[in-house]
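Trainee: Let me give you the structure first, and then I'll get to my questions.
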Amino acid sequence: MDTIAKTKNRPSAIMSKPVLMEVVKEYGLLLDSMPVIIKESGYKAIYLAKRLDMPITTFHHKKRKKTFTYPEVQRIIQMLNDDDELEDAYFREMAESRANDEVCSFESLMSV
């Protein structure tokens with residue numbers, strides 16, 4: 001009974017070594033793919049860095065060297081999968097780009 005209690009929470013007691021190696025390999029592939037995943041997402045690096053509370057230079061370094069931590073990878077993937085967040089970022093960027101556009105009233109538009 002003591003042996004079961006001691007090994008109950010150990011991953012090696014649940015998974016075999018080949019399975020654990022496969023998990024590590026898959027995580028390594030995910031880390032290696034992060035630069036491409038980030039690029040294909042359409043998010044700007046400055047936005048992701050701010051969301052991670054990370055200086056942009058650190059973000060670029062981690063992206064280039066593929067050294068994001070597990071919690072950082074989780075947050076990035078969560079951000080990329082969160083459609084509402086993507087939509088908010090899109091509309092915020094659109095609003096910022098139109099900040100200097102000339103605005104007219106509906107009445108003046110209809111009088112043309």
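Naming scheme: A, B, ... for chains in displayed order of the structure tokens; residues 1 onward per chain; ligands 1 onward as shown.
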Got a sec: who's within 12 Å of Met54 (chain A), counting only C-alpha atoms, leaving out chain neighbours fewer than 6 positions off, as an mmCIF file with N, CA and C atoms, in the first residue's frame?
Mentor:
data_model
loop_
_atom_site.group_PDB
_atom_site.id
_atom_site.type_symbol
_atom_site.label_atom_id
_atom_site.label_comp_id
_atom_site.auth_asym_id
_atom_site.auth_seq_id
_atom_site.Cartn_x
_atom_site.Cartn_y
_atom_site.Cartn_z
ATOM 1 N N ALA A 45 4.018 41.141 -32.651
ATOM 2 C CA ALA A 45 4.867 40.744 -31.530
ATOM 3 C C ALA A 45 4.683 41.674 -30.334
ATOM 4 N N ILE A 46 4.531 42.964 -30.597
ATOM 5 C CA ILE A 46 4.379 43.928 -29.497
ATOM 6 C C ILE A 46 3.114 43.633 -28.692
ATOM 7 N N TYR A 47 2.054 43.219 -29.358
ATOM 8 C CA TYR A 47 0.804 42.886 -28.671
ATOM 9 C C TYR A 47 0.992 41.652 -27.789
ATOM 10 N N LEU A 48 1.595 40.603 -28.354
ATOM 11 C CA LEU A 48 1.815 39.375 -27.571
ATOM 12 C C LEU A 48 2.753 39.643 -26.395
ATOM 13 N N HIS A 60 11.219 38.857 -28.575
ATOM 14 C CA HIS A 60 11.916 38.538 -29.828
ATOM 15 C C HIS A 60 13.046 37.532 -29.591
ATOM 16 N N HIS A 61 13.770 37.713 -28.491
ATOM 17 C CA HIS A 61 14.862 36.794 -28.170
ATOM 18 C C HIS A 61 14.320 35.379 -27.939
ATOM 19 N N LYS A 62 13.268 35.266 -27.139
ATOM 20 C CA LYS A 62 12.695 33.946 -26.849
ATOM 21 C C LYS A 62 12.120 33.315 -28.107
ATOM 22 N N PHE A 68 10.673 29.910 -25.007
ATOM 23 C CA PHE A 68 9.505 30.250 -24.200
ATOM 24 C C PHE A 68 9.324 29.196 -23.109
ATOM 25 N N GLU A 72 4.396 30.412 -20.639
ATOM 26 C CA GLU A 72 4.336 31.370 -21.749
ATOM 27 C C GLU A 72 3.734 30.731 -22.994
#
Trainee: If we count only C-alpha atoms and set the cut-off at 10 Å, which residues sit around Pro35 (chain A), ignoring sequence neighbours fewer than 2 positions away in its own chain? Please answer as a VMD selection string.
Mentor: chain A and resid 30 to 33 37 to 41 60 62 to 66
Trainee: Residues at most 12 Å from Lys50 (chain A), counting only C-alpha atoms, excluding those fewer than 5 positions away in the same chain, as a ChimeraX atom specification?
Mentor: /A:43-45,55-59,75-76,79
Trainee: Per DSSP on the backbone, filter region 9-90 of chain A down to the residues in alpha helix (DSSP H) and report them as a PDB file with N, CA and C atoms, in the first residue's frame.
Mentor:
ATOM      1  N   PRO A  11       4.500  10.794 -12.694  1.00  0.00           N
ATOM      2  CA  PRO A  11       4.156  10.482 -14.081  1.00  0.00           C
ATOM      3  C   PRO A  11       4.698   9.144 -14.549  1.00  0.00           C
ATOM      4  N   SER A  12       5.893   8.777 -14.097  1.00  0.00           N
ATOM      5  CA  SER A  12       6.470   7.515 -14.545  1.00  0.00           C
ATOM      6  C   SER A  12       5.654   6.316 -14.068  1.00  0.00           C
ATOM      7  N   ALA A  13       4.893   6.490 -12.997  1.00  0.00           N
ATOM      8  CA  ALA A  13       4.045   5.401 -12.524  1.00  0.00           C
ATOM      9  C   ALA A  13       2.814   5.260 -13.407  1.00  0.00           C
ATOM     10  N   ILE A  14       2.467   6.316 -14.130  1.00  0.00           N
ATOM     11  CA  ILE A  14       1.286   6.299 -14.976  1.00  0.00           C
ATOM     12  C   ILE A  14       1.656   5.982 -16.418  1.00  0.00           C
ATOM     13  N   LYS A  17       8.196   4.903 -20.087  1.00  0.00           N
ATOM     14  CA  LYS A  17       9.261   5.799 -20.550  1.00  0.00           C
ATOM     15  C   LYS A  17       9.099   6.165 -22.027  1.00  0.00           C
ATOM     16  N   PRO A  18       8.748   5.226 -22.911  1.00  0.00           N
ATOM     17  CA  PRO A  18       8.548   5.618 -24.324  1.00  0.00           C
ATOM     18  C   PRO A  18       7.429   6.655 -24.488  1.00  0.00           C
ATOM     19  N   VAL A  19       6.367   6.516 -23.703  1.00  0.00           N
ATOM     20  CA  VAL A  19       5.265   7.482 -23.791  1.00  0.00           C
ATOM     21  C   VAL A  19       5.731   8.844 -23.308  1.00  0.00           C
ATOM     22  N   LEU A  20       6.465   8.869 -22.207  1.00  0.00           N
ATOM     23  CA  LEU A  20       6.997  10.133 -21.700  1.00  0.00           C
ATOM     24  C   LEU A  20       7.940  10.777 -22.711  1.00  0.00           C
ATOM     25  N   MET A  21       8.767   9.989 -23.359  1.00  0.00           N
ATOM     26  CA  MET A  21       9.689  10.519 -24.363  1.00  0.00           C
ATOM     27  C   MET A  21       8.905  11.109 -25.539  1.00  0.00           C
ATOM     28  N   GLU A  22       7.808  10.485 -25.898  1.00  0.00           N
ATOM     29  CA  GLU A  22       6.972  11.000 -26.983  1.00  0.00           C
ATOM     30  C   GLU A  22       6.351  12.345 -26.602  1.00  0.00           C
ATOM     31  N   VAL A  23       5.926  12.474 -25.351  1.00  0.00           N
ATOM     32  CA  VAL A  23       5.366  13.735 -24.864  1.00  0.00           C
ATOM     33  C   VAL A  23       6.429  14.837 -24.931  1.00  0.00           C
ATOM     34  N   VAL A  24       7.631  14.527 -24.483  1.00  0.00           N
ATOM     35  CA  VAL A  24       8.727  15.499 -24.515  1.00  0.00           C
ATOM     36  C   VAL A  24       9.049  15.884 -25.955  1.00  0.00           C
ATOM     37  N   LYS A  25       9.061  14.896 -26.841  1.00  0.00           N
ATOM     38  CA  LYS A  25       9.340  15.144 -28.259  1.00  0.00           C
ATOM     39  C   LYS A  25       8.279  16.069 -28.858  1.00  0.00           C
ATOM     40  N   GLU A  26       7.005  15.816 -28.560  1.00  0.00           N
ATOM     41  CA  GLU A  26       5.917  16.644 -29.078  1.00  0.00           C
ATOM     42  C   GLU A  26       6.024  18.078 -28.548  1.00  0.00           C
ATOM     43  N   TYR A  27       6.371  18.212 -27.279  1.00  0.00           N
ATOM     44  CA  TYR A  27       6.530  19.553 -26.713  1.00  0.00           C
ATOM     45  C   TYR A  27       7.694  20.279 -27.389  1.00  0.00           C
ATOM     46  N   GLY A  28       8.774  19.560 -27.652  1.00  0.00           N
ATOM     47  CA  GLY A  28       9.911  20.145 -28.368  1.00  0.00           C
ATOM     48  C   GLY A  28       9.508  20.624 -29.756  1.00  0.00           C
ATOM     49  N   LEU A  29       8.683  19.836 -30.438  1.00  0.00           N
ATOM     50  CA  LEU A  29       8.194  20.240 -31.755  1.00  0.00           C
ATOM     51  C   LEU A  29       7.322  21.497 -31.654  1.00  0.00           C
ATOM     52  N   LEU A  30       6.522  21.571 -30.606  1.00  0.00           N
ATOM     53  CA  LEU A  30       5.701  22.759 -30.387  1.00  0.00           C
ATOM     54  C   LEU A  30       6.592  23.981 -30.178  1.00  0.00           C
ATOM     55  N   LEU A  31       7.608  23.863 -29.325  1.00  0.00           N
ATOM     56  CA  LEU A  31       8.537  24.975 -29.095  1.00  0.00           C
ATOM     57  C   LEU A  31       9.222  25.396 -30.394  1.00  0.00           C
ATOM     58  N   ASP A  32       9.661  24.404 -31.181  1.00  0.00           N
ATOM     59  CA  ASP A  32      10.316  24.711 -32.453  1.00  0.00           C
ATOM     60  C   ASP A  32       9.374  25.405 -33.427  1.00  0.00           C
ATOM     61  N   SER A  33       8.086  25.134 -33.304  1.00  0.00           N
ATOM     62  CA  SER A  33       7.087  25.709 -34.218  1.00  0.00           C
ATOM     63  C   SER A  33       6.558  27.064 -33.769  1.00  0.00           C
ATOM     64  N   MET A  34       6.866  27.491 -32.564  1.00  0.00           N
ATOM     65  CA  MET A  34       6.302  28.733 -32.033  1.00  0.00           C
ATOM     66  C   MET A  34       6.548  29.942 -32.937  1.00  0.00           C
ATOM     67  N   PRO A  35       7.747  30.147 -33.503  1.00  0.00           N
ATOM     68  CA  PRO A  35       7.917  31.309 -34.381  1.00  0.00           C
ATOM     69  C   PRO A  35       6.957  31.300 -35.578  1.00  0.00           C
ATOM     70  N   VAL A  36       6.764  30.146 -36.163  1.00  0.00           N
ATOM     71  CA  VAL A  36       5.857  30.029 -37.306  1.00  0.00           C
ATOM     72  C   VAL A  36       4.409  30.202 -36.863  1.00  0.00           C
ATOM     73  N   ILE A  37       4.054  29.608 -35.738  1.00  0.00           N
ATOM     74  CA  ILE A  37       2.693  29.734 -35.206  1.00  0.00           C
ATOM     75  C   ILE A  37       2.373  31.206 -34.941  1.00  0.00           C
ATOM     76  N   ILE A  38       3.314  31.911 -34.333  1.00  0.00           N
ATOM     77  CA  ILE A  38       3.117  33.325 -34.025  1.00  0.00           C
ATOM     78  C   ILE A  38       2.987  34.134 -35.322  1.00  0.00           C
ATOM     79  N   LYS A  39       3.861  33.884 -36.269  1.00  0.00           N
ATOM     80  CA  LYS A  39       3.824  34.614 -37.536  1.00  0.00           C
ATOM     81  C   LYS A  39       2.501  34.376 -38.262  1.00  0.00           C
ATOM     82  N   GLU A  40       2.073  33.131 -38.342  1.00  0.00           N
ATOM     83  CA  GLU A  40       0.846  32.791 -39.063  1.00  0.00           C
ATOM     84  C   GLU A  40      -0.412  33.284 -38.351  1.00  0.00           C
ATOM     85  N   SER A  41      -0.303  33.577 -37.071  1.00  0.00           N
ATOM     86  CA  SER A  41      -1.478  34.016 -36.310  1.00  0.00           C
ATOM     87  C   SER A  41      -1.943  35.410 -36.717  1.00  0.00           C
ATOM     88  N   ALA A  45       4.018  41.141 -32.651  1.00  0.00           N
ATOM     89  CA  ALA A  45       4.867  40.744 -31.530  1.00  0.00           C
ATOM     90  C   ALA A  45       4.683  41.674 -30.334  1.00  0.00           C
ATOM     91  N   ILE A  46       4.531  42.964 -30.597  1.00  0.00           N
ATOM     92  CA  ILE A  46       4.379  43.928 -29.497  1.00  0.00           C
ATOM     93  C   ILE A  46       3.114  43.633 -28.692  1.00  0.00           C
ATOM     94  N   TYR A  47       2.054  43.219 -29.358  1.00  0.00           N
ATOM     95  CA  TYR A  47       0.804  42.886 -28.671  1.00  0.00           C
ATOM     96  C   TYR A  47       0.992  41.652 -27.789  1.00  0.00           C
ATOM     97  N   LEU A  48       1.595  40.603 -28.354  1.00  0.00           N
ATOM     98  CA  LEU A  48       1.815  39.375 -27.571  1.00  0.00           C
ATOM     99  C   LEU A  48       2.753  39.643 -26.395  1.00  0.00           C
ATOM    100  N   ALA A  49       3.795  40.420 -26.622  1.00  0.00           N
ATOM    101  CA  ALA A  49       4.745  40.732 -25.547  1.00  0.00           C
ATOM    102  C   ALA A  49       4.039  41.472 -24.413  1.00  0.00           C
ATOM    103  N   LYS A  50       3.190  42.431 -24.764  1.00  0.00           N
ATOM    104  CA  LYS A  50       2.452  43.161 -23.726  1.00  0.00           C
ATOM    105  C   LYS A  50       1.541  42.232 -22.952  1.00  0.00           C
ATOM    106  N   ARG A  51       0.862  41.333 -23.650  1.00  0.00           N
ATOM    107  CA  ARG A  51      -0.042  40.395 -22.985  1.00  0.00           C
ATOM    108  C   ARG A  51       0.702  39.441 -22.056  1.00  0.00           C
ATOM    109  N   ILE A  56       9.528  43.716 -25.264  1.00  0.00           N
ATOM    110  CA  ILE A  56       9.518  43.256 -26.653  1.00  0.00           C
ATOM    111  C   ILE A  56      10.849  42.619 -27.049  1.00  0.00           C
ATOM    112  N   THR A  57      11.947  43.140 -26.521  1.00  0.00           N
ATOM    113  CA  THR A  57      13.248  42.548 -26.856  1.00  0.00           C
ATOM    114  C   THR A  57      13.364  41.125 -26.308  1.00  0.00           C
ATOM    115  N   THR A  58      12.842  40.911 -25.113  1.00  0.00           N
ATOM    116  CA  THR A  58      12.851  39.562 -24.526  1.00  0.00           C
ATOM    117  C   THR A  58      11.971  38.635 -25.346  1.00  0.00           C
ATOM    118  N   PHE A  59      10.797  39.126 -25.768  1.00  0.00           N
ATOM    119  CA  PHE A  59       9.895  38.321 -26.587  1.00  0.00           C
ATOM    120  C   PHE A  59      10.586  37.896 -27.887  1.00  0.00           C
ATOM    121  N   HIS A  60      11.219  38.857 -28.575  1.00  0.00           N
ATOM    122  CA  HIS A  60      11.916  38.538 -29.828  1.00  0.00           C
ATOM    123  C   HIS A  60      13.046  37.532 -29.591  1.00  0.00           C
ATOM    124  N   HIS A  61      13.770  37.713 -28.491  1.00  0.00           N
ATOM    125  CA  HIS A  61      14.862  36.794 -28.170  1.00  0.00           C
ATOM    126  C   HIS A  61      14.320  35.379 -27.939  1.00  0.00           C
ATOM    127  N   LYS A  62      13.268  35.266 -27.139  1.00  0.00           N
ATOM    128  CA  LYS A  62      12.695  33.946 -26.849  1.00  0.00           C
ATOM    129  C   LYS A  62      12.120  33.315 -28.107  1.00  0.00           C
ATOM    130  N   LYS A  63      11.524  34.136 -28.960  1.00  0.00           N
ATOM    131  CA  LYS A  63      10.964  33.620 -30.213  1.00  0.00           C
ATOM    132  C   LYS A  63      12.083  33.100 -31.119  1.00  0.00           C
ATOM    133  N   ARG A  64      13.154  33.882 -31.240  1.00  0.00           N
ATOM    134  CA  ARG A  64      14.275  33.494 -32.096  1.00  0.00           C
ATOM    135  C   ARG A  64      15.002  32.256 -31.559  1.00  0.00           C
ATOM    136  N   LYS A  65      15.221  32.232 -30.237  1.00  0.00           N
ATOM    137  CA  LYS A  65      15.959  31.121 -29.620  1.00  0.00           C
ATOM    138  C   LYS A  65      15.052  29.939 -29.250  1.00  0.00           C
ATOM    139  N   TYR A  70       6.999  26.968 -20.378  1.00  0.00           N
ATOM    140  CA  TYR A  70       5.725  26.273 -20.522  1.00  0.00           C
ATOM    141  C   TYR A  70       4.539  27.202 -20.266  1.00  0.00           C
ATOM    142  N   PRO A  71       4.536  28.008 -19.176  1.00  0.00           N
ATOM    143  CA  PRO A  71       3.407  28.928 -18.972  1.00  0.00           C
ATOM    144  C   PRO A  71       3.272  29.960 -20.095  1.00  0.00           C
ATOM    145  N   GLU A  72       4.396  30.412 -20.639  1.00  0.00           N
ATOM    146  CA  GLU A  72       4.336  31.370 -21.749  1.00  0.00           C
ATOM    147  C   GLU A  72       3.734  30.731 -22.994  1.00  0.00           C
ATOM    148  N   VAL A  73       4.131  29.506 -23.279  1.00  0.00           N
ATOM    149  CA  VAL A  73       3.564  28.785 -24.423  1.00  0.00           C
ATOM    150  C   VAL A  73       2.056  28.609 -24.223  1.00  0.00           C
ATOM    151  N   GLN A  74       1.662  28.238 -23.017  1.00  0.00           N
ATOM    152  CA  GLN A  74       0.230  28.076 -22.725  1.00  0.00           C
ATOM    153  C   GLN A  74      -0.530  29.366 -22.984  1.00  0.00           C
ATOM    154  N   ARG A  75      -0.003  30.486 -22.498  1.00  0.00           N
ATOM    155  CA  ARG A  75      -0.694  31.771 -22.663  1.00  0.00           C
ATOM    156  C   ARG A  75      -0.745  32.192 -24.122  1.00  0.00           C
ATOM    157  N   ILE A  76       0.329  31.969 -24.853  1.00  0.00           N
ATOM    158  CA  ILE A  76       0.347  32.327 -26.281  1.00  0.00           C
ATOM    159  C   ILE A  76      -0.693  31.509 -27.036  1.00  0.00           C
ATOM    160  N   ILE A  77      -0.688  30.210 -26.813  1.00  0.00           N
ATOM    161  CA  ILE A  77      -1.654  29.336 -27.497  1.00  0.00           C
ATOM    162  C   ILE A  77      -3.072  29.727 -27.116  1.00  0.00           C
ATOM    163  N   GLN A  78      -3.282  30.031 -25.847  1.00  0.00           N
ATOM    164  CA  GLN A  78      -4.612  30.451 -25.398  1.00  0.00           C
ATOM    165  C   GLN A  78      -5.028  31.744 -26.103  1.00  0.00           C
ATOM    166  N   MET A  79      -4.114  32.697 -26.214  1.00  0.00           N
ATOM    167  CA  MET A  79      -4.420  33.956 -26.900  1.00  0.00           C
ATOM    168  C   MET A  79      -4.749  33.710 -28.371  1.00  0.00           C
ATOM    169  N   LEU A  80      -3.977  32.835 -29.001  1.00  0.00           N
ATOM    170  CA  LEU A  80      -4.182  32.570 -30.422  1.00  0.00           C
ATOM    171  C   LEU A  80      -5.492  31.830 -30.676  1.00  0.00           C
ATOM    172  N   ASN A  81      -5.955  31.088 -29.697  1.00  0.00           N
ATOM    173  CA  ASN A  81      -7.209  30.345 -29.851  1.00  0.00           C
ATOM    174  C   ASN A  81      -8.426  31.113 -29.370  1.00  0.00           C
ATOM    175  N   ASP A  83     -10.871  33.649 -29.981  1.00  0.00           N
ATOM    176  CA  ASP A  83     -11.397  34.462 -31.080  1.00  0.00           C
ATOM    177  C   ASP A  83     -11.799  35.855 -30.622  1.00  0.00           C
ATOM    178  N   ASP A  84     -12.373  35.964 -29.426  1.00  0.00           N
ATOM    179  CA  ASP A  84     -12.775  37.275 -28.929  1.00  0.00           C
ATOM    180  C   ASP A  84     -11.574  38.175 -28.771  1.00  0.00           C
ATOM    181  N   GLU A  85     -10.489  37.622 -28.268  1.00  0.00           N
ATOM    182  CA  GLU A  85      -9.272  38.401 -28.076  1.00  0.00           C
ATOM    183  C   GLU A  85      -8.724  38.849 -29.423  1.00  0.00           C
ATOM    184  N   LEU A  86      -8.728  37.964 -30.400  1.00  0.00           N
ATOM    185  CA  LEU A  86      -8.249  38.303 -31.735  1.00  0.00           C
ATOM    186  C   LEU A  86      -9.123  39.391 -32.342  1.00  0.00           C
ATOM    187  N   GLU A  87     -10.431  39.251 -32.179  1.00  0.00           N
ATOM    188  CA  GLU A  87     -11.371  40.241 -32.704  1.00  0.00           C
ATOM    189  C   GLU A  87     -11.152  41.595 -32.041  1.00  0.00           C
ATOM    190  N   ASP A  88     -10.971  41.613 -30.726  1.00  0.00           N
ATOM    191  CA  ASP A  88     -10.709  42.857 -30.009  1.00  0.00           C
ATOM    192  C   ASP A  88      -9.424  43.514 -30.514  1.00  0.00           C
ATOM    193  N   ALA A  89      -8.397  42.725 -30.698  1.00  0.00           N
ATOM    194  CA  ALA A  89      -7.120  43.256 -31.175  1.00  0.00           C
ATOM    195  C   ALA A  89      -7.279  43.816 -32.582  1.00  0.00           C
ATOM    196  N   TYR A  90      -8.028  43.137 -33.410  1.00  0.00           N
ATOM    197  CA  TYR A  90      -8.255  43.594 -34.786  1.00  0.00           C
ATOM    198  C   TYR A  90      -8.978  44.939 -34.786  1.00  0.00           C
TER     199      TYR A  90
END
Trainee: Would you work out the distance separating CA of Thr69 (chain A) from CA of Arg92 (chain A), expressed in Å to one decimal?
Mentor: 28.0 Å
Trainee: One decimal, Å: what's the distance from CA of Thr67 (chain A) over to CA of Asp53 (chain A), could you say?
Mentor: 16.0 Å
Trainee: State, in Å with one decimal place, the distance from CA of Glu96 (chain A) to CA of Gly42 (chain A).
Mentor: 16.7 Å
